[in-house]
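A.B. asks: Just one file: protein_1.pdb, with PDB, C-alpha atoms, pLDDT in the B column.
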ATOM      1  CA  MET S 360     -46.070 -14.480   7.560  1.00 88.00           C
ATOM      2  CA  ASN S 361     -45.917 -15.145  11.254  1.00 96.00           C
ATOM      3  CA  PHE S 362     -43.717 -17.924  12.622  1.00 96.00           C
ATOM      4  CA  LYS S 363     -46.461 -20.556  12.592  1.00 96.00           C
ATOM      5  CA  GLU S 364     -47.223 -19.781   8.963  1.00 97.00           C
ATOM      6  CA  ILE S 365     -43.541 -20.024   8.045  1.00 97.00           C
ATOM      7  CA  VAL S 366     -43.249 -23.476   9.662  1.00 96.00           C
ATOM      8  CA  HIS S 367     -46.308 -24.747   7.812  1.00 96.00           C
ATOM      9  CA  ARG S 368     -45.248 -23.136   4.524  1.00 96.00           C
ATOM     10  CA  ARG S 369     -41.766 -24.723   4.510  1.00 97.00           C
ATOM     11  CA  ARG S 370     -41.506 -27.923   2.517  1.00 95.00           C
ATOM     12  CA  SER S 371     -39.051 -29.797   0.332  1.00 97.00           C
ATOM     13  CA  SER S 372     -39.534 -28.457  -3.185  1.00 97.00           C
ATOM     14  CA  ARG S 373     -38.584 -30.807  -6.015  1.00 97.00           C
ATOM     15  CA  ALA S 374     -39.025 -28.624  -9.092  1.00 97.00           C
ATOM     16  CA  PHE S 375     -37.547 -25.116  -9.345  1.00 98.00           C
ATOM     17  CA  LEU S 376     -37.697 -22.171 -11.701  1.00 98.00           C
ATOM     18  CA  ASP S 377     -34.415 -20.889 -13.135  1.00 97.00           C
ATOM     19  CA  THR S 378     -34.883 -17.478 -11.496  1.00 98.00           C
ATOM     20  CA  PRO S 379     -31.474 -16.442 -10.066  1.00 98.00           C
ATOM     21  CA  VAL S 380     -30.829 -16.038  -6.344  1.00 98.00           C
ATOM     22  CA  PRO S 381     -28.220 -13.358  -5.500  1.00 98.00           C
ATOM     23  CA  ASP S 382     -25.204 -14.390  -3.431  1.00 98.00           C
ATOM     24  CA  SER S 383     -26.013 -11.515  -1.079  1.00 98.00           C
ATOM     25  CA  VAL S 384     -29.368 -13.069  -0.203  1.00 98.00           C
ATOM     26  CA  ILE S 385     -27.757 -16.430   0.547  1.00 98.00           C
ATOM     27  CA  THR S 386     -25.112 -14.692   2.653  1.00 98.00           C
ATOM     28  CA  ASP S 387     -27.779 -12.945   4.736  1.00 98.00           C
ATOM     29  CA  LEU S 388     -29.650 -16.232   5.265  1.00 98.00           C
ATOM     30  CA  LEU S 389     -26.474 -18.049   6.296  1.00 98.00           C
ATOM     31  CA  SER S 390     -25.609 -15.266   8.730  1.00 98.00           C
ATOM     32  CA  LEU S 391     -29.036 -15.552  10.323  1.00 98.00           C
ATOM     33  CA  SER S 392     -28.833 -19.361  10.390  1.00 98.00           C
ATOM     34  CA  ALA S 393     -25.559 -19.202  12.303  1.00 98.00           C
ATOM     35  CA  ARG S 394     -27.641 -18.067  15.278  1.00 98.00           C
ATOM     36  CA  ALA S 395     -28.985 -21.632  15.551  1.00 98.00           C
ATOM     37  CA  ALA S 396     -28.371 -23.404  18.845  1.00 97.00           C
ATOM     38  CA  SER S 397     -24.954 -25.047  19.097  1.00 98.00           C
ATOM     39  CA  GLY S 398     -23.713 -26.955  22.120  1.00 97.00           C
ATOM     40  CA  GLY S 399     -20.696 -25.176  23.576  1.00 97.00           C
ATOM     41  CA  ASN S 400     -20.924 -22.753  20.639  1.00 98.00           C
ATOM     42  CA  VAL S 401     -18.854 -25.253  18.618  1.00 97.00           C
ATOM     43  CA  GLN S 402     -20.636 -24.302  15.342  1.00 98.00           C
ATOM     44  CA  PRO S 403     -19.563 -27.466  13.481  1.00 98.00           C
ATOM     45  CA  TRP S 404     -21.067 -26.650  10.075  1.00 98.00           C
ATOM     46  CA  LYS S 405     -18.914 -25.863   7.036  1.00 98.00           C
ATOM     47  CA  ILE S 406     -20.779 -24.493   4.020  1.00 98.00           C
ATOM     48  CA  PHE S 407     -19.798 -24.334   0.331  1.00 98.00           C
ATOM     49  CA  VAL S 408     -22.174 -22.322  -1.878  1.00 98.00           C
ATOM     50  CA  ILE S 409     -22.684 -23.204  -5.550  1.00 98.00           C
ATOM     51  CA  ASN S 410     -24.300 -20.413  -7.571  1.00 98.00           C
ATOM     52  CA  GLY S 411     -24.144 -18.710 -10.952  1.00 97.00           C
ATOM     53  CA  GLU S 412     -21.195 -19.798 -13.074  1.00 98.00           C
ATOM     54  CA  ALA S 413     -20.068 -22.199 -10.338  1.00 98.00           C
ATOM     55  CA  MET S 414     -23.364 -24.067 -10.734  1.00 98.00           C
ATOM     56  CA  VAL S 415     -22.803 -24.329 -14.491  1.00 98.00           C
ATOM     57  CA  ARG S 416     -19.303 -25.710 -13.916  1.00 98.00           C
ATOM     58  CA  PHE S 417     -20.500 -28.081 -11.213  1.00 98.00           C
ATOM     59  CA  ARG S 418     -23.219 -29.597 -13.382  1.00 98.00           C
ATOM     60  CA  ARG S 419     -20.692 -30.096 -16.156  1.00 97.00           C
ATOM     61  CA  PHE S 420     -18.226 -31.633 -13.699  1.00 98.00           C
ATOM     62  CA  LEU S 421     -20.783 -33.988 -12.167  1.00 97.00           C
ATOM     63  CA  SER S 422     -21.831 -35.295 -15.581  1.00 96.00           C
ATOM     64  CA  THR S 423     -18.411 -36.990 -15.765  1.00 95.00           C
ATOM     65  CA  ARG S 424     -18.715 -38.737 -12.393  1.00 96.00           C
ATOM     66  CA  GLU S 425     -20.508 -41.872 -11.232  1.00 95.00           C
ATOM     67  CA  PRO S 426     -22.206 -42.509  -7.870  1.00 95.00           C
ATOM     68  CA  GLU S 427     -19.928 -43.772  -5.103  1.00 94.00           C
ATOM     69  CA  PRO S 428     -20.442 -45.825  -1.940  1.00 94.00           C
ATOM     70  CA  ALA S 429     -22.340 -43.585   0.466  1.00 94.00           C
ATOM     71  CA  GLY S 430     -20.278 -41.577   2.910  1.00 93.00           C
ATOM     72  CA  TYR S 431     -22.662 -42.576   5.686  1.00 94.00           C
ATOM     73  CA  GLN S 432     -25.814 -44.663   6.119  1.00 93.00           C
ATOM     74  CA  ILE S 433     -28.864 -42.442   5.670  1.00 95.00           C
ATOM     75  CA  TYR S 434     -31.396 -44.842   7.234  1.00 94.00           C
ATOM     76  CA  PRO S 435     -30.896 -47.680   9.718  1.00 94.00           C
ATOM     77  CA  PRO S 436     -31.045 -51.156   8.164  1.00 91.00           C
ATOM     78  CA  SER S 437     -34.455 -52.831   8.382  1.00 93.00           C
ATOM     79  CA  LEU S 438     -36.210 -49.594   9.309  1.00 95.00           C
ATOM     80  CA  TRP S 439     -39.082 -50.315  11.692  1.00 96.00           C
ATOM     81  CA  ASP S 440     -42.574 -48.903  12.114  1.00 95.00           C
ATOM     82  CA  PRO S 441     -43.939 -46.314  12.350  1.00 94.00           C
ATOM     83  CA  HIS S 442     -40.876 -44.853  10.593  1.00 94.00           C
ATOM     84  CA  ARG S 443     -40.824 -47.433   7.785  1.00 95.00           C
ATOM     85  CA  THR S 444     -44.480 -46.861   6.926  1.00 95.00           C
ATOM     86  CA  ALA S 445     -44.107 -43.073   7.032  1.00 94.00           C
ATOM     87  CA  ARG S 446     -41.176 -43.226   4.606  1.00 94.00           C
ATOM     88  CA  PHE S 447     -42.922 -45.685   2.280  1.00 93.00           C
ATOM     89  CA  GLU S 448     -46.134 -43.679   2.157  1.00 94.00           C
ATOM     90  CA  LEU S 449     -44.292 -40.460   1.411  1.00 94.00           C
ATOM     91  CA  GLY S 450     -42.549 -42.089  -1.544  1.00 92.00           C
ATOM     92  CA  GLU S 451     -45.814 -43.432  -2.915  1.00 93.00           C
ATOM     93  CA  GLN S 452     -47.503 -40.052  -2.530  1.00 94.00           C
ATOM     94  CA  MET S 453     -44.626 -38.232  -4.224  1.00 94.00           C
ATOM     95  CA  TYR S 454     -44.538 -40.515  -7.264  1.00 93.00           C
ATOM     96  CA  ALA S 455     -48.335 -40.383  -7.507  1.00 93.00           C
ATOM     97  CA  THR S 456     -48.227 -36.606  -7.988  1.00 95.00           C
ATOM     98  CA  ILE S 457     -46.284 -37.114 -11.237  1.00 93.00           C
ATOM     99  CA  GLY S 458     -48.059 -40.274 -12.381  1.00 94.00           C
ATOM    100  CA  ILE S 459     -45.267 -42.772 -11.769  1.00 92.00           C
ATOM    101  CA  GLY S 460     -46.505 -46.205 -10.735  1.00 90.00           C
ATOM    102  CA  ARG S 461     -44.916 -48.487  -8.169  1.00 87.00           C
ATOM    103  CA  ASP S 462     -43.570 -50.879 -10.822  1.00 90.00           C
ATOM    104  CA  ASP S 463     -42.195 -48.226 -13.172  1.00 92.00           C
ATOM    105  CA  LYS S 464     -38.609 -48.488 -11.985  1.00 91.00           C
ATOM    106  CA  PRO S 465     -36.997 -46.596 -14.907  1.00 93.00           C
ATOM    107  CA  ALA S 466     -39.227 -43.581 -14.246  1.00 92.00           C
ATOM    108  CA  ARG S 467     -38.517 -43.764 -10.523  1.00 92.00           C
ATOM    109  CA  PHE S 468     -34.769 -43.875 -11.096  1.00 91.00           C
ATOM    110  CA  ALA S 469     -35.062 -40.931 -13.500  1.00 93.00           C
ATOM    111  CA  GLN S 470     -36.895 -38.913 -10.868  1.00 93.00           C
ATOM    112  CA  MET S 471     -34.353 -39.857  -8.199  1.00 92.00           C
ATOM    113  CA  ALA S 472     -31.559 -38.709 -10.518  1.00 93.00           C
ATOM    114  CA  LYS S 473     -33.009 -35.191 -10.458  1.00 95.00           C
ATOM    115  CA  ASN S 474     -31.593 -34.930  -6.941  1.00 95.00           C
ATOM    116  CA  PHE S 475     -28.209 -34.550  -8.583  1.00 97.00           C
ATOM    117  CA  ASP S 476     -29.351 -31.557 -10.614  1.00 97.00           C
ATOM    118  CA  PHE S 477     -30.744 -29.901  -7.456  1.00 98.00           C
ATOM    119  CA  PHE S 478     -34.170 -30.364  -9.090  1.00 98.00           C
ATOM    120  CA  GLY S 479     -33.266 -27.493 -11.411  1.00 98.00           C
ATOM    121  CA  ALA S 480     -32.550 -24.996  -8.623  1.00 98.00           C
ATOM    122  CA  PRO S 481     -30.237 -22.149  -9.668  1.00 98.00           C
ATOM    123  CA  ALA S 482     -28.365 -22.093  -6.345  1.00 98.00           C
ATOM    124  CA  ALA S 483     -27.391 -24.537  -3.643  1.00 98.00           C
ATOM    125  CA  PHE S 484     -24.928 -25.240  -0.903  1.00 98.00           C
ATOM    126  CA  PHE S 485     -23.163 -28.273   0.480  1.00 98.00           C
ATOM    127  CA  CYS S 486     -22.966 -28.736   4.235  1.00 98.00           C
ATOM    128  CA  PHE S 487     -19.929 -30.550   5.626  1.00 98.00           C
ATOM    129  CA  ILE S 488     -18.983 -31.550   9.161  1.00 98.00           C
ATOM    130  CA  ASP S 489     -15.606 -32.549  10.584  1.00 97.00           C
ATOM    131  CA  ARG S 490     -15.352 -36.341  10.664  1.00 96.00           C
ATOM    132  CA  ARG S 491     -14.147 -36.177  14.284  1.00 97.00           C
ATOM    133  CA  MET S 492     -17.400 -34.613  15.487  1.00 97.00           C
ATOM    134  CA  GLY S 493     -19.947 -36.754  17.328  1.00 96.00           C
ATOM    135  CA  PRO S 494     -23.759 -37.077  17.446  1.00 95.00           C
ATOM    136  CA  PRO S 495     -24.296 -33.845  19.431  1.00 96.00           C
ATOM    137  CA  GLN S 496     -22.553 -31.851  16.697  1.00 97.00           C
ATOM    138  CA  TRP S 497     -24.586 -33.592  13.989  1.00 97.00           C
ATOM    139  CA  SER S 498     -27.610 -32.364  15.928  1.00 97.00           C
ATOM    140  CA  ASP S 499     -26.185 -28.832  15.796  1.00 98.00           C
ATOM    141  CA  VAL S 500     -25.897 -29.122  12.012  1.00 98.00           C
ATOM    142  CA  GLY S 501     -29.551 -30.174  11.825  1.00 98.00           C
ATOM    143  CA  MET S 502     -30.602 -27.100  13.799  1.00 98.00           C
ATOM    144  CA  PHE S 503     -28.506 -24.875  11.523  1.00 98.00           C
ATOM    145  CA  LEU S 504     -30.124 -26.367   8.420  1.00 98.00           C
ATOM    146  CA  GLN S 505     -33.647 -26.051   9.799  1.00 98.00           C
ATOM    147  CA  THR S 506     -32.997 -22.422  10.703  1.00 98.00           C
ATOM    148  CA  PHE S 507     -31.770 -21.782   7.160  1.00 98.00           C
ATOM    149  CA  MET S 508     -34.846 -23.380   5.608  1.00 98.00           C
ATOM    150  CA  LEU S 509     -37.230 -21.373   7.797  1.00 98.00           C
ATOM    151  CA  ALA S 510     -35.314 -18.166   7.106  1.00 98.00           C
ATOM    152  CA  ALA S 511     -35.406 -18.895   3.368  1.00 98.00           C
ATOM    153  CA  THR S 512     -39.153 -19.453   3.532  1.00 98.00           C
ATOM    154  CA  ASP S 513     -39.576 -16.125   5.310  1.00 98.00           C
ATOM    155  CA  ALA S 514     -37.548 -14.510   2.509  1.00 98.00           C
ATOM    156  CA  GLY S 515     -39.869 -15.967  -0.151  1.00 98.00           C
ATOM    157  CA  LEU S 516     -37.478 -18.705  -1.244  1.00 98.00           C
ATOM    158  CA  ASP S 517     -37.893 -22.467  -1.412  1.00 98.00           C
ATOM    159  CA  THR S 518     -35.452 -25.210  -0.471  1.00 98.00           C
ATOM    160  CA  CYS S 519     -34.831 -28.931  -0.492  1.00 98.00           C
ATOM    161  CA  PRO S 520     -32.363 -30.601   1.885  1.00 98.00           C
ATOM    162  CA  GLN S 521     -30.706 -33.556   0.125  1.00 98.00           C
ATOM    163  CA  GLU S 522     -28.881 -36.298   2.000  1.00 97.00           C
ATOM    164  CA  ALA S 523     -28.738 -38.163  -1.325  1.00 97.00           C
ATOM    165  CA  TRP S 524     -25.544 -36.243  -2.094  1.00 98.00           C
ATOM    166  CA  THR S 525     -23.662 -38.591   0.219  1.00 97.00           C
ATOM    167  CA  SER S 526     -23.436 -40.831  -2.860  1.00 97.00           C
ATOM    168  CA  TYR S 527     -21.162 -38.229  -4.451  1.00 97.00           C
ATOM    169  CA  THR S 528     -19.050 -37.380  -1.404  1.00 97.00           C
ATOM    170  CA  ASN S 529     -15.681 -37.621  -3.160  1.00 97.00           C
ATOM    171  CA  ALA S 530     -16.839 -35.759  -6.252  1.00 97.00           C
ATOM    172  CA  VAL S 531     -18.353 -32.891  -4.281  1.00 98.00           C
ATOM    173  CA  THR S 532     -15.336 -32.721  -1.967  1.00 98.00           C
ATOM    174  CA  GLU S 533     -13.029 -32.467  -4.980  1.00 98.00           C
ATOM    175  CA  PHE S 534     -15.084 -29.782  -6.707  1.00 98.00           C
ATOM    176  CA  VAL S 535     -15.499 -27.464  -3.713  1.00 98.00           C
ATOM    177  CA  GLY S 536     -11.965 -28.062  -2.421  1.00 98.00           C
ATOM    178  CA  ALA S 537     -13.032 -29.267   1.022  1.00 98.00           C
ATOM    179  CA  ASP S 538     -10.375 -30.640   3.371  1.00 96.00           C
ATOM    180  CA  ASP S 539     -10.117 -34.406   3.705  1.00 94.00           C
ATOM    181  CA  ASP S 540     -11.135 -34.246   7.357  1.00 97.00           C
ATOM    182  CA  LEU S 541     -14.557 -32.905   6.354  1.00 98.00           C
ATOM    183  CA  LEU S 542     -17.483 -35.232   5.614  1.00 98.00           C
ATOM    184  CA  LEU S 543     -20.285 -34.187   3.280  1.00 98.00           C
ATOM    185  CA  PHE S 544     -23.563 -34.286   5.197  1.00 98.00           C
ATOM    186  CA  CYS S 545     -26.047 -32.946   2.652  1.00 98.00           C
ATOM    187  CA  GLY S 546     -26.816 -30.570  -0.155  1.00 98.00           C
ATOM    188  CA  MET S 547     -29.431 -27.815  -0.027  1.00 98.00           C
ATOM    189  CA  ALA S 548     -31.241 -26.729  -3.190  1.00 98.00           C
ATOM    190  CA  ILE S 549     -32.198 -23.037  -3.075  1.00 98.00           C
ATOM    191  CA  GLY S 550     -34.487 -21.100  -5.381  1.00 98.00           C
ATOM    192  CA  PHE S 551     -38.088 -20.415  -6.297  1.00 98.00           C
ATOM    193  CA  GLU S 552     -40.220 -23.497  -6.714  1.00 98.00           C
ATOM    194  CA  ASP S 553     -42.208 -24.063  -9.892  1.00 97.00           C
ATOM    195  CA  PRO S 554     -45.791 -23.503  -8.683  1.00 96.00           C
ATOM    196  CA  ASP S 555     -47.230 -25.316 -11.697  1.00 97.00           C
ATOM    197  CA  HIS S 556     -45.266 -28.542 -11.291  1.00 97.00           C
ATOM    198  CA  PRO S 557     -47.484 -31.236  -9.733  1.00 96.00           C
ATOM    199  CA  ILE S 558     -44.712 -32.653  -7.563  1.00 97.00           C
ATOM    200  CA  ASN S 559     -44.771 -29.454  -5.530  1.00 97.00           C
ATOM    201  CA  SER S 560     -48.345 -30.189  -4.477  1.00 95.00           C
ATOM    202  CA  LEU S 561     -46.984 -32.834  -2.105  1.00 94.00           C
ATOM    203  CA  ARG S 562     -47.443 -32.103   1.592  1.00 93.00           C
ATOM    204  CA  SER S 563     -45.902 -34.739   3.826  1.00 94.00           C
ATOM    205  CA  GLU S 564     -47.945 -35.867   6.800  1.00 93.00           C
ATOM    206  CA  ARG S 565     -46.808 -35.813  10.431  1.00 94.00           C
ATOM    207  CA  LEU S 566     -47.671 -38.118  13.289  1.00 93.00           C
ATOM    208  CA  PRO S 567     -50.060 -36.705  15.897  1.00 95.00           C
ATOM    209  CA  VAL S 568     -48.415 -35.448  19.066  1.00 97.00           C
ATOM    210  CA  ALA S 569     -49.971 -38.275  21.090  1.00 96.00           C
ATOM    211  CA  ASP S 570     -48.044 -40.827  19.018  1.00 95.00           C
ATOM    212  CA  PHE S 571     -44.599 -39.528  20.004  1.00 95.00           C
ATOM    213  CA  THR S 572     -45.130 -37.685  23.271  1.00 97.00           C
ATOM    214  CA  THR S 573     -45.626 -38.758  26.866  1.00 97.00           C
ATOM    215  CA  PHE S 574     -46.521 -36.239  29.534  1.00 98.00           C
ATOM    216  CA  VAL S 575     -44.958 -37.784  32.638  1.00 98.00           C
ATOM    217  CA  GLU S 576     -47.149 -37.703  35.739  1.00 95.00           C
TER     218      GLU S 576
END
Let me see the structure of the file written as structure tokens.

C.D. replies:
Amino acid sequence: MNFKEIVHRRRSSRAFLDTPVPDSVITDLLSLSARAASGGNVQPWKIFVINGEAMVRFRRFLSTREPEPAGYQIYPPSLWDPHRTARFELGEQMYATIGIGRDDKPARFAQMAKNFDFFGAPAAFFCFIDRRMGPPQWSDVGMFLQTFMLAATDAGLDTCPQEAWTSYTNAVTEFVGADDDLLLFCGMAIGFEDPDHPINSLRSERLPVADFTTFVE
């Protein structure tokens, strides 16, 4: 694949096969991702990989924990258009792929809960950032994560970034042994997507360039 093909191929997969992913592959991808742009070369990301037996132990551990107040607010309150509509439409399209109607709240909650099993992925990591870091460093983390996802796609793997894990900040912090000054930003499911699962047919739409770009004269 060339770079354009990699960008278009990358997507958030929400159903994975149980095919293992070697630690060595994840290490290589993380090493490449560390070349992402970082203001002042601060490199504010802190990564904890969960794989193999650690994943088995983590799933067992999480089954004893309940969701917590979110470590940060994922979306602004009263999200406005066009962002609100884009988010709403994506949700409707995703649930439609697996036949869940708008009023079927139990089924929607059950699907949402699959976030906390990494959608069945055999490997994952948690990305933390020091609580003292500011918005520019959060931007650095985003560039690191995007680089990882593109590199994984190039390697034939699939991923799903998951900010939903902020609802288990304390539990994840305890399990991985992260310092108290670190804040959980997201999880990242890693594996091979199930090509036969209908939810993986979802392709999110993007606004046309003219809607978010002004060429200044």

A.B. asks: Write out as a ChimeraX atom specification which residues come within 10 Å of S:Pro554 when counting only C-alpha atoms, dropping same-chain ones fewer than 3 positions away.

C.D. replies: /S:372,374-376,551,557-560

A.B. asks: Could you write out as an NGL selection string the residues that the PyMOL selection byres ((chain S and resi 544) around 10) matches in the shown file?

C.D. replies: :S and (404-405 or 430-431 or 433 or 485-489 or 497 or 500-501 or 521-525 or 528 or 541-543 or 545-546)

A.B. asks: Have a look at atom CA of S:His556 and atom CA of S:Thr444 and let me know their distance in Å, one decimal.

C.D. replies: 25.8 Å

A.B. asks: Can you spell out as a PyMOL selection string the set of residues that the PyMOL selection byres ((chain S and resi 565) around 12) selects in the structure I just provided?

C.D. replies: chain S and resi 367+441-442+444-446+448-449+562-564+566-571

A.B. asks: So the first atom is atom CA of S:Gln452 and the second is atom CA of S:Thr512; what is the distance between them in Å, to one decimal place?

C.D. replies: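 Spanning atom CA of S:Gln452 to atom CA of S:Thr512 is a straight-line distance of 23.0 Å.
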
A.B. asks: Can you find the residues with an atom no farther than 12 Å from (-27.0, -17.5, 9.6), counting all atoms listed in the file, and report them as a list in words?

C.D. replies: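 Protein, DNA and RNA residues close to (-27.0, -17.5, 9.6): Val384, Ile385, Thr386, Asp387, Leu388, Leu389, Ser390, Leu391, Ser392, Ala393, Arg394, Ala395, Ala396, Gln402, Trp404, Lys405, Ile406, Val500, Met502, Phe503, Leu504, Gln505, Thr506, Phe507, Met508, Leu509, Ala510 and Ala511 of chain S.
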